[in-house]
Amino acid sequence: MLGIEHPIIMGGMAWIGLAELVAAVSNAGGMGIIGSVNFATGEELRQEIHKTRTLTDKPFGVNITLLPAVHESPYEEFVNVVVEEGVPVVETSGRPPEQYMERLKKANVKVIHKVGAVRHARSAERMGCDAVFTLGFEGAGHPMMEDVTMLNLLPRMVDAVKIPVIACGGIADARQFVAALAMGAEGVMMGTRFMLTKESSAHSNIKKALAEAKENDTMIIQRSIGTQTRVLRNKPAEKVLEMEGRGASLEELLTVISGELGRNAMLAGDVDGGVLGCGQGIGLMNEVPTVKEVIDNMVNEAAALLKDLCSRWPLPTTLGK
Ligand SMILES: Cc1cc2nc3c(=O)[nH]c(=O)nc-3n(C[C@H](O)[C@H](O)[C@H](O)COP(=O)(O)O)c2cc1C
């Protein structure tokens, strides 16, 4: 469907989902996705698409995040640019992409909506989406409030819809890749794993802190305002939780959760400078490899793992009798 070699996709990311990282993922045989939240106008997004095209001739996509925000993105402009530029794939997230479907489908754009609940996967299918990303509770970004982890969410979603389901959230290595395929996924999407690569523009201090962090070093904040998100357990994240506990207003919370603070912290390397999104998969990430190493290792180790599984656990001789 996507014309890529390996079923490994990089999720759209604020601050770091830019041309260099996107192209590195696509060049390594996966598919990179530009994060449109990084741009204030459609023209800025167009420039990034052009830049990405100078770095790769492989397919890549654009993420359009339809979430409530203090300054909402110019969604109409983004959709127009995607269509005009002939971008083959759009990842939508947050609100359903219903109002853009007709235009995107007419332009032959594959629309893959990111969902965290079976009912949302069904509605994406009804809307005409070509596939869904299943965001489990382990993941970075905005997992659903219902706290359902991938182990149960993914097979339920695979049973519920006919369109392809792509596993997303907490995935960091070949074992999880194989497990996702075994549960019926057509592929995997990763965010945090690609943030922790040589090509990512996250500051080296942030990469070091994440490489040292373990699976229990993340936390969910912003439940009180309905934009729950998984972040690194750092000082601002602890402060947000404390503020939410005493019923702080949105205005008050914004003094700590503002995207600007997070962006500065991510790019300047101040680990306690703002809230930093990441998934529980950080426990499995101890090094900062290249994107190609991430993808090659995942694919090669998955192949070895499948072979090993079959030899360790021969099929029962009673099978078929
Ligand atoms: C730093 C960061 C920024 C992100 N920004 C966005 C975003 O703007 N829109 C979106 O839909 N998802 C965003 N995500 C979520 C990713 O696209 C992806 O769904 C998620 O990272 C998968 O979980 P994982 O990080 O555990 O692999 C972000 C993730 C990270 C780590």
# chains A, B, ... in the order shown; residues from 1 in each chain; ligands from 1
call {"tool": "residues_near_ligand", "arguments": {"ligand": "ligand 1", "cutoff": "7 Å", "atoms": "only C-alpha atoms and all ligand atoms", "output": "ChimeraX atom specification"}}
result
/A:10-16,35,37,63-65,92-94,135,138-141,168-172,189-193,195,276-281
call {"tool": "write_last_selection", "arguments": {"atoms": "N, CA and C atoms", "output": "mmCIF file, in the first residue's frame"}}
result
data_model
loop_
_atom_site.group_PDB
_atom_site.id
_atom_site.type_symbol
_atom_site.label_atom_id
_atom_site.label_comp_id
_atom_site.auth_asym_id
_atom_site.auth_seq_id
_atom_site.Cartn_x
_atom_site.Cartn_y
_atom_site.Cartn_z
ATOM 1 N N MET A 10 7.848 5.954 10.953
ATOM 2 C CA MET A 10 8.173 6.925 12.013
ATOM 3 C C MET A 10 6.990 7.860 12.204
ATOM 4 N N GLY A 11 6.443 7.932 13.430
ATOM 5 C CA GLY A 11 5.300 8.800 13.703
ATOM 6 C C GLY A 11 5.674 10.265 13.565
ATOM 7 N N GLY A 12 4.697 11.076 13.168
ATOM 8 C CA GLY A 12 4.921 12.523 13.100
ATOM 9 C C GLY A 12 5.249 13.036 14.488
ATOM 10 N N MET A 13 6.238 13.907 14.589
ATOM 11 C CA MET A 13 6.637 14.385 15.916
ATOM 12 C C MET A 13 6.857 15.888 15.949
ATOM 13 N N ALA A 14 6.307 16.498 17.018
ATOM 14 C CA ALA A 14 6.581 17.910 17.257
ATOM 15 C C ALA A 14 8.080 18.064 17.468
ATOM 16 N N TRP A 15 8.620 19.172 17.051
ATOM 17 C CA TRP A 15 10.009 19.597 17.281
ATOM 18 C C TRP A 15 11.056 18.835 16.472
ATOM 19 N N ILE A 16 10.903 17.511 16.340
ATOM 20 C CA ILE A 16 12.004 16.758 15.722
ATOM 21 C C ILE A 16 11.594 16.023 14.445
ATOM 22 N N GLY A 35 6.196 16.149 10.775
ATOM 23 C CA GLY A 35 5.218 16.653 11.752
ATOM 24 C C GLY A 35 4.786 18.060 11.391
ATOM 25 N N VAL A 37 2.860 20.007 12.919
ATOM 26 C CA VAL A 37 2.730 20.939 14.055
ATOM 27 C C VAL A 37 3.945 21.851 14.163
ATOM 28 N N ASN A 63 2.143 14.317 8.878
ATOM 29 C CA ASN A 63 1.187 14.154 9.983
ATOM 30 C C ASN A 63 0.381 15.440 10.138
ATOM 31 N N ILE A 64 -0.929 15.293 10.275
ATOM 32 C CA ILE A 64 -1.768 16.453 10.606
ATOM 33 C C ILE A 64 -2.450 16.139 11.935
ATOM 34 N N THR A 65 -2.039 16.873 12.967
ATOM 35 C CA THR A 65 -2.536 16.628 14.323
ATOM 36 C C THR A 65 -3.726 17.528 14.597
ATOM 37 N N THR A 92 -3.227 11.164 10.310
ATOM 38 C CA THR A 92 -4.001 12.128 11.093
ATOM 39 C C THR A 92 -4.071 11.617 12.525
ATOM 40 N N SER A 93 -4.247 12.554 13.466
ATOM 41 C CA SER A 93 -4.374 12.150 14.869
ATOM 42 C C SER A 93 -5.235 13.177 15.581
ATOM 43 N N GLY A 94 -5.680 12.808 16.789
ATOM 44 C CA GLY A 94 -6.576 13.702 17.528
ATOM 45 C C GLY A 94 -7.990 13.543 17.010
ATOM 46 N N LEU A 135 -2.618 3.317 18.844
ATOM 47 C CA LEU A 135 -1.737 3.862 19.888
ATOM 48 C C LEU A 135 -2.079 3.253 21.244
ATOM 49 N N GLU A 138 1.207 2.477 26.281
ATOM 50 C CA GLU A 138 2.653 2.570 26.533
ATOM 51 C C GLU A 138 3.305 3.727 25.804
ATOM 52 N N GLY A 139 2.596 4.232 24.785
ATOM 53 C CA GLY A 139 3.244 5.117 23.821
ATOM 54 C C GLY A 139 3.381 6.567 24.230
ATOM 55 N N ALA A 140 4.261 7.258 23.493
ATOM 56 C CA ALA A 140 4.356 8.715 23.596
ATOM 57 C C ALA A 140 3.151 9.305 22.861
ATOM 58 N N GLY A 141 2.999 10.612 22.948
ATOM 59 C CA GLY A 141 1.857 11.254 22.290
ATOM 60 C C GLY A 141 0.690 11.312 23.257
ATOM 61 N N CYS A 168 1.448 0.710 17.380
ATOM 62 C CA CYS A 168 2.175 1.937 17.720
ATOM 63 C C CYS A 168 2.118 2.153 19.230
ATOM 64 N N GLY A 169 3.261 2.465 19.816
ATOM 65 C CA GLY A 169 3.295 2.762 21.249
ATOM 66 C C GLY A 169 4.199 1.817 22.009
ATOM 67 N N GLY A 170 5.338 2.324 22.458
ATOM 68 C CA GLY A 170 6.236 1.542 23.303
ATOM 69 C C GLY A 170 7.123 0.567 22.546
ATOM 70 N N ILE A 171 7.085 0.608 21.213
ATOM 71 C CA ILE A 171 7.855 -0.365 20.430
ATOM 72 C C ILE A 171 9.286 0.137 20.235
ATOM 73 N N ALA A 172 10.235 -0.747 20.536
ATOM 74 C CA ALA A 172 11.638 -0.321 20.474
ATOM 75 C C ALA A 172 12.557 -1.373 19.877
ATOM 76 N N MET A 189 4.673 1.422 14.036
ATOM 77 C CA MET A 189 5.079 2.832 14.027
ATOM 78 C C MET A 189 5.860 3.082 15.311
ATOM 79 N N MET A 190 6.953 3.825 15.193
ATOM 80 C CA MET A 190 7.727 4.184 16.390
ATOM 81 C C MET A 190 8.004 5.682 16.383
ATOM 82 N N GLY A 191 8.005 6.260 17.574
ATOM 83 C CA GLY A 191 8.356 7.675 17.702
ATOM 84 C C GLY A 191 9.631 7.807 18.517
ATOM 85 N N THR A 192 9.537 7.420 19.793
ATOM 86 C CA THR A 192 10.673 7.591 20.710
ATOM 87 C C THR A 192 11.947 6.940 20.172
ATOM 88 N N ARG A 193 11.831 5.736 19.593
ATOM 89 C CA ARG A 193 13.028 5.042 19.088
ATOM 90 C C ARG A 193 13.758 5.910 18.041
ATOM 91 N N MET A 195 13.497 9.175 17.857
ATOM 92 C CA MET A 195 13.989 10.397 18.519
ATOM 93 C C MET A 195 15.405 10.140 19.059
ATOM 94 N N LEU A 276 8.744 16.632 28.228
ATOM 95 C CA LEU A 276 9.346 15.967 27.068
ATOM 96 C C LEU A 276 8.612 14.661 26.783
ATOM 97 N N GLY A 277 7.955 14.583 25.649
ATOM 98 C CA GLY A 277 7.204 13.373 25.300
ATOM 99 C C GLY A 277 8.129 12.193 25.056
ATOM 100 N N CYS A 278 7.758 11.030 25.582
ATOM 101 C CA CYS A 278 8.474 9.781 25.247
ATOM 102 C C CYS A 278 7.644 8.594 25.728
ATOM 103 N N GLY A 279 7.880 7.430 25.126
ATOM 104 C CA GLY A 279 7.117 6.234 25.459
ATOM 105 C C GLY A 279 7.869 5.322 26.419
ATOM 106 N N GLN A 280 7.168 4.299 26.931
ATOM 107 C CA GLN A 280 7.782 3.382 27.896
ATOM 108 C C GLN A 280 8.901 2.544 27.268
ATOM 109 N N GLY A 281 8.961 2.547 25.934
ATOM 110 C CA GLY A 281 10.023 1.814 25.236
ATOM 111 C C GLY A 281 11.417 2.324 25.577
#
call {"tool": "residues_around", "arguments": {"residues": "range 118-124 of chain A", "least_positions_apart": "5", "cutoff": "7 Å", "atoms": "only C-alpha atoms", "output": "number ranges by chain"}}
result
A: 113, 129, 132, 156-157, 160-161
call {"tool": "write_last_selection", "arguments": {"atoms": "C-alpha atoms", "output": "PDB file, in the first residue's frame"}}
result
ATOM      1  CA  HIS A 113      -5.693   7.778  11.358  1.00  0.00           C
ATOM      2  CA  CYS A 129      -9.448   5.702   6.145  1.00  0.00           C
ATOM      3  CA  VAL A 132      -5.222   2.836  11.384  1.00  0.00           C
ATOM      4  CA  ARG A 156      -9.097  -6.458  19.531  1.00  0.00           C
ATOM      5  CA  MET A 157      -8.685  -3.823  16.839  1.00  0.00           C
ATOM      6  CA  ALA A 160     -12.846  -5.276  14.707  1.00  0.00           C
ATOM      7  CA  VAL A 161     -11.845  -3.765  11.342  1.00  0.00           C
TER       8      VAL A 161
END
call {"tool": "select_by_dssp", "arguments": {"residues": "range 112-299 of chain A", "states": "strand (DSSP E or B)", "output": "number ranges by chain"}}
result
A: 112-115, 131-135, 141, 165-168, 187-190, 218-221, 229-232, 277
call {"tool": "atom_distance", "arguments": {"atom1": "CA of Asn234 in chain A", "atom2": "CA of Phe137 in chain A"}}
result
19.3 Å
call {"tool": "atom_distance", "arguments": {"atom1": "CA of Ser26 in chain A", "atom2": "CA of Ala40 in chain A"}}
result
24.6 Å
call {"tool": "closest_atom_pairs", "arguments": {"of": "range 164-265 of chain A", "to": "range 71-79 of chain A", "cutoff": "12 Å", "atoms": "only C-alpha atoms", "output": "CSV"}}
result
residue,atom,partner,partner_atom,distance
A:Ser258,CA,A:His71,CA,11.1
A:Gly259,CA,A:His71,CA,10.5
A:Glu260,CA,A:His71,CA,11.8
call {"tool": "write_last_selection", "arguments": {"atoms": "C-alpha atoms", "output": "short mmCIF file (atom, residue, chain, number, x, y, z; two decimals), in the first residue's frame"}}
result
data_model
loop_
_atom_site.label_atom_id
_atom_site.label_comp_id
_atom_site.auth_asym_id
_atom_site.auth_seq_id
_atom_site.Cartn_x
_atom_site.Cartn_y
_atom_site.Cartn_z
CA SER A 258 3.64 25.12 26.93
CA GLY A 259 5.00 23.60 23.73
CA GLU A 260 7.53 26.41 23.51
#
call {"tool": "atom_distance", "arguments": {"atom1": "CA of Glu238 in chain A", "atom2": "CA of Ala265 in chain A"}}
result
15.8 Å
call {"tool": "residues_around", "arguments": {"residues": "Gly29 in chain A", "least_positions_apart": "4", "cutoff": "10 Å", "atoms": "only C-alpha atoms", "output": "ChimeraX atom specification"}}
result
/A:3-9,23-25,58-59,292,295-296
call {"tool": "write_last_selection", "arguments": {"atoms": "all heavy atoms", "output": "tab-separated table (two decimals), in the first residue's frame"}}
result
chain	number	residue	atom	x	y	z
A	3	GLY	N	4.32	1.34	-0.65
A	3	GLY	CA	5.50	1.28	-1.51
A	3	GLY	C	6.81	1.35	-0.74
A	3	GLY	O	7.79	1.90	-1.22
A	4	ILE	N	6.81	0.77	0.47
A	4	ILE	CA	8.05	0.78	1.27
A	4	ILE	C	8.56	-0.64	1.46
A	4	ILE	O	7.80	-1.61	1.35
A	4	ILE	CB	7.85	1.49	2.64
A	4	ILE	CG1	6.72	0.83	3.46
A	4	ILE	CG2	7.55	2.97	2.42
A	4	ILE	CD1	6.53	1.45	4.84
A	5	GLU	N	9.87	-0.72	1.78
A	5	GLU	CA	10.50	-2.04	1.86
A	5	GLU	C	10.16	-2.77	3.16
A	5	GLU	O	9.85	-3.95	3.17
A	5	GLU	CB	12.02	-1.83	1.76
A	5	GLU	CG	12.79	-3.07	1.42
A	5	GLU	CD	14.29	-2.80	1.37
A	5	GLU	OE1	14.68	-1.61	1.24
A	5	GLU	OE2	15.06	-3.75	1.48
A	6	HIS	N	10.25	-2.05	4.27
A	6	HIS	CA	9.99	-2.65	5.59
A	6	HIS	C	8.77	-1.97	6.22
A	6	HIS	O	8.64	-0.75	6.13
A	6	HIS	CB	11.19	-2.46	6.52
A	6	HIS	CG	12.48	-2.93	5.93
A	6	HIS	ND1	12.66	-4.21	5.46
A	6	HIS	CD2	13.64	-2.26	5.73
A	6	HIS	CE1	13.89	-4.31	5.00
A	6	HIS	NE2	14.50	-3.15	5.14
A	7	PRO	N	7.92	-2.76	6.91
A	7	PRO	CA	6.71	-2.14	7.50
A	7	PRO	C	7.02	-1.41	8.81
A	7	PRO	O	6.51	-1.76	9.87
A	7	PRO	CB	5.80	-3.36	7.72
A	7	PRO	CG	6.73	-4.49	7.96
A	7	PRO	CD	7.99	-4.21	7.17
A	8	ILE	N	7.88	-0.42	8.71
A	8	ILE	CA	8.31	0.33	9.89
A	8	ILE	C	8.15	1.82	9.58
A	8	ILE	O	8.76	2.34	8.64
A	8	ILE	CB	9.79	0.00	10.24
A	8	ILE	CG1	9.92	-1.51	10.55
A	8	ILE	CG2	10.28	0.85	11.41
A	8	ILE	CD1	11.35	-1.98	10.80
A	9	ILE	N	7.33	2.49	10.39
A	9	ILE	CA	6.97	3.88	10.10
A	9	ILE	C	7.36	4.77	11.28
A	9	ILE	O	7.24	4.37	12.44
A	9	ILE	CB	5.44	3.96	9.84
A	9	ILE	CG1	5.10	3.08	8.62
A	9	ILE	CG2	4.99	5.40	9.61
A	9	ILE	CD1	3.61	2.92	8.36
A	23	ALA	N	13.76	11.76	6.11
A	23	ALA	CA	14.45	11.19	4.95
A	23	ALA	C	15.31	9.99	5.37
A	23	ALA	O	15.39	8.99	4.63
A	23	ALA	CB	15.32	12.25	4.29
A	24	ALA	N	15.92	10.07	6.54
A	24	ALA	CA	16.76	8.95	7.00
A	24	ALA	C	15.91	7.68	7.15
A	24	ALA	O	16.34	6.58	6.78
A	24	ALA	CB	17.44	9.30	8.32
A	25	VAL	N	14.70	7.83	7.69
A	25	VAL	CA	13.83	6.66	7.88
A	25	VAL	C	13.40	6.10	6.52
A	25	VAL	O	13.46	4.89	6.28
A	25	VAL	CB	12.60	7.02	8.76
A	25	VAL	CG1	11.64	5.84	8.84
A	25	VAL	CG2	13.03	7.45	10.15
A	58	LYS	N	12.45	8.35	-1.79
A	58	LYS	CA	11.53	7.31	-1.31
A	58	LYS	C	10.25	7.97	-0.75
A	58	LYS	O	10.25	9.16	-0.43
A	58	LYS	CB	12.21	6.51	-0.19
A	58	LYS	CG	13.51	5.84	-0.59
A	58	LYS	CD	13.21	4.46	-1.14
A	58	LYS	CE	14.41	3.79	-1.79
A	58	LYS	NZ	15.57	3.63	-0.94
A	59	PRO	N	9.18	7.17	-0.62
A	59	PRO	CA	7.94	7.76	-0.10
A	59	PRO	C	8.06	8.23	1.36
A	59	PRO	O	8.73	7.59	2.15
A	59	PRO	CB	6.93	6.60	-0.17
A	59	PRO	CG	7.57	5.52	-0.95
A	59	PRO	CD	9.04	5.73	-0.94
A	292	LYS	N	19.48	3.88	10.25
A	292	LYS	CA	19.67	2.66	9.45
A	292	LYS	C	19.97	1.47	10.36
A	292	LYS	O	19.47	0.36	10.13
A	292	LYS	CB	20.79	2.88	8.42
A	292	LYS	CG	20.94	1.72	7.47
A	292	LYS	CD	21.79	2.07	6.26
A	292	LYS	CE	22.29	0.86	5.51
A	292	LYS	NZ	21.34	-0.23	5.34
A	295	ILE	N	16.67	0.26	11.93
A	295	ILE	CA	15.80	-0.49	11.02
A	295	ILE	C	16.45	-1.82	10.61
A	295	ILE	O	15.80	-2.88	10.66
A	295	ILE	CB	15.41	0.38	9.81
A	295	ILE	CG1	14.51	1.53	10.32
A	295	ILE	CG2	14.69	-0.45	8.74
A	295	ILE	CD1	13.93	2.42	9.26
A	296	ASP	N	17.73	-1.78	10.25
A	296	ASP	CA	18.41	-3.04	9.85
A	296	ASP	C	18.38	-4.05	10.99
A	296	ASP	O	18.08	-5.23	10.79
A	296	ASP	CB	19.87	-2.76	9.46
A	296	ASP	CG	19.97	-2.13	8.08
A	296	ASP	OD1	18.92	-2.02	7.40
A	296	ASP	OD2	21.08	-1.73	7.68
call {"tool": "select_by_dssp", "arguments": {"residues": "range 90-265 of chain A", "states": "alpha helix (DSSP H)", "output": "count of residues only"}}
result
78
call {"tool": "residues_around", "arguments": {"residues": "Val275 in chain A", "least_positions_apart": "3", "cutoff": "10 Å", "atoms": "only C-alpha atoms", "output": "list in words"}}
result
Ile221, Thr229, Arg230, Val231, Leu232, Arg233, Asn234, Lys235, Pro236, Ala237, Glu238, Lys239, Val240, Val256, Ile257, Ser258, Gly259, Glu260, Leu261, Gly262, Arg263, Ala265, Met266, Val271, Asp272 and Cys278 of chain A
call {"tool": "residues_around", "arguments": {"residues": "Ala167 in chain A", "least_positions_apart": "2", "cutoff": "9 Å", "atoms": "only C-alpha atoms", "output": "list in words"}}
result
Val132, Phe133, Thr134, Leu135, Gly136, Met150, Leu154, Val165, Gly169, Ile171, Phe177, Ala180, Leu181, Gly184, Ala185, Glu186, Gly187, Val188, Met189 and Met190 of chain A
call {"tool": "write_last_selection", "arguments": {"atoms": "N, CA and C atoms", "output": "mmCIF file, in the first residue's frame"}}
result
data_model
loop_
_atom_site.group_PDB
_atom_site.id
_atom_site.type_symbol
_atom_site.label_atom_id
_atom_site.label_comp_id
_atom_site.auth_asym_id
_atom_site.auth_seq_id
_atom_site.Cartn_x
_atom_site.Cartn_y
_atom_site.Cartn_z
ATOM 1 N N VAL A 132 -5.294 2.109 10.102
ATOM 2 C CA VAL A 132 -5.222 2.836 11.384
ATOM 3 C C VAL A 132 -3.906 2.515 12.093
ATOM 4 N N PHE A 133 -3.396 3.504 12.815
ATOM 5 C CA PHE A 133 -2.313 3.275 13.768
ATOM 6 C C PHE A 133 -2.985 3.059 15.117
ATOM 7 N N THR A 134 -2.603 1.973 15.817
ATOM 8 C CA THR A 134 -3.167 1.684 17.134
ATOM 9 C C THR A 134 -2.251 2.237 18.202
ATOM 10 N N LEU A 135 -2.618 3.317 18.844
ATOM 11 C CA LEU A 135 -1.737 3.862 19.888
ATOM 12 C C LEU A 135 -2.079 3.253 21.244
ATOM 13 N N GLY A 136 -1.187 2.364 21.719
ATOM 14 C CA GLY A 136 -1.371 1.736 23.034
ATOM 15 C C GLY A 136 -0.964 2.690 24.148
ATOM 16 N N MET A 150 -1.108 -2.202 24.575
ATOM 17 C CA MET A 150 -1.072 -2.790 23.233
ATOM 18 C C MET A 150 -1.458 -4.268 23.183
ATOM 19 N N LEU A 154 -4.401 -4.137 20.452
ATOM 20 C CA LEU A 154 -4.076 -4.473 19.067
ATOM 21 C C LEU A 154 -4.906 -5.661 18.525
ATOM 22 N N VAL A 165 -4.081 -2.655 10.284
ATOM 23 C CA VAL A 165 -3.828 -2.043 11.582
ATOM 24 C C VAL A 165 -2.308 -2.021 11.802
ATOM 25 N N GLY A 169 3.261 2.465 19.816
ATOM 26 C CA GLY A 169 3.295 2.762 21.249
ATOM 27 C C GLY A 169 4.199 1.817 22.009
ATOM 28 N N ILE A 171 7.085 0.608 21.213
ATOM 29 C CA ILE A 171 7.855 -0.365 20.430
ATOM 30 C C ILE A 171 9.286 0.137 20.235
ATOM 31 N N PHE A 177 8.417 -6.016 17.607
ATOM 32 C CA PHE A 177 8.021 -5.971 16.193
ATOM 33 C C PHE A 177 7.365 -7.309 15.814
ATOM 34 N N ALA A 180 4.053 -7.776 17.538
ATOM 35 C CA ALA A 180 2.983 -6.978 16.915
ATOM 36 C C ALA A 180 2.480 -7.680 15.655
ATOM 37 N N LEU A 181 3.405 -8.212 14.853
ATOM 38 C CA LEU A 181 2.989 -8.923 13.633
ATOM 39 C C LEU A 181 2.187 -10.167 14.015
ATOM 40 N N GLY A 184 -1.334 -9.592 14.624
ATOM 41 C CA GLY A 184 -2.154 -9.216 13.473
ATOM 42 C C GLY A 184 -1.863 -7.864 12.867
ATOM 43 N N ALA A 185 -0.843 -7.161 13.399
ATOM 44 C CA ALA A 185 -0.507 -5.857 12.813
ATOM 45 C C ALA A 185 0.154 -6.066 11.458
ATOM 46 N N GLU A 186 -0.023 -5.085 10.567
ATOM 47 C CA GLU A 186 0.641 -5.141 9.248
ATOM 48 C C GLU A 186 2.015 -4.476 9.319
ATOM 49 N N GLY A 187 2.261 -3.778 10.424
ATOM 50 C CA GLY A 187 3.540 -3.091 10.563
ATOM 51 C C GLY A 187 3.576 -2.372 11.896
ATOM 52 N N VAL A 188 4.653 -1.625 12.126
ATOM 53 C CA VAL A 188 4.767 -0.880 13.377
ATOM 54 C C VAL A 188 5.114 0.577 13.108
ATOM 55 N N MET A 189 4.673 1.422 14.036
ATOM 56 C CA MET A 189 5.079 2.832 14.027
ATOM 57 C C MET A 189 5.860 3.082 15.311
ATOM 58 N N MET A 190 6.953 3.825 15.193
ATOM 59 C CA MET A 190 7.727 4.184 16.390
ATOM 60 C C MET A 190 8.004 5.682 16.383
#
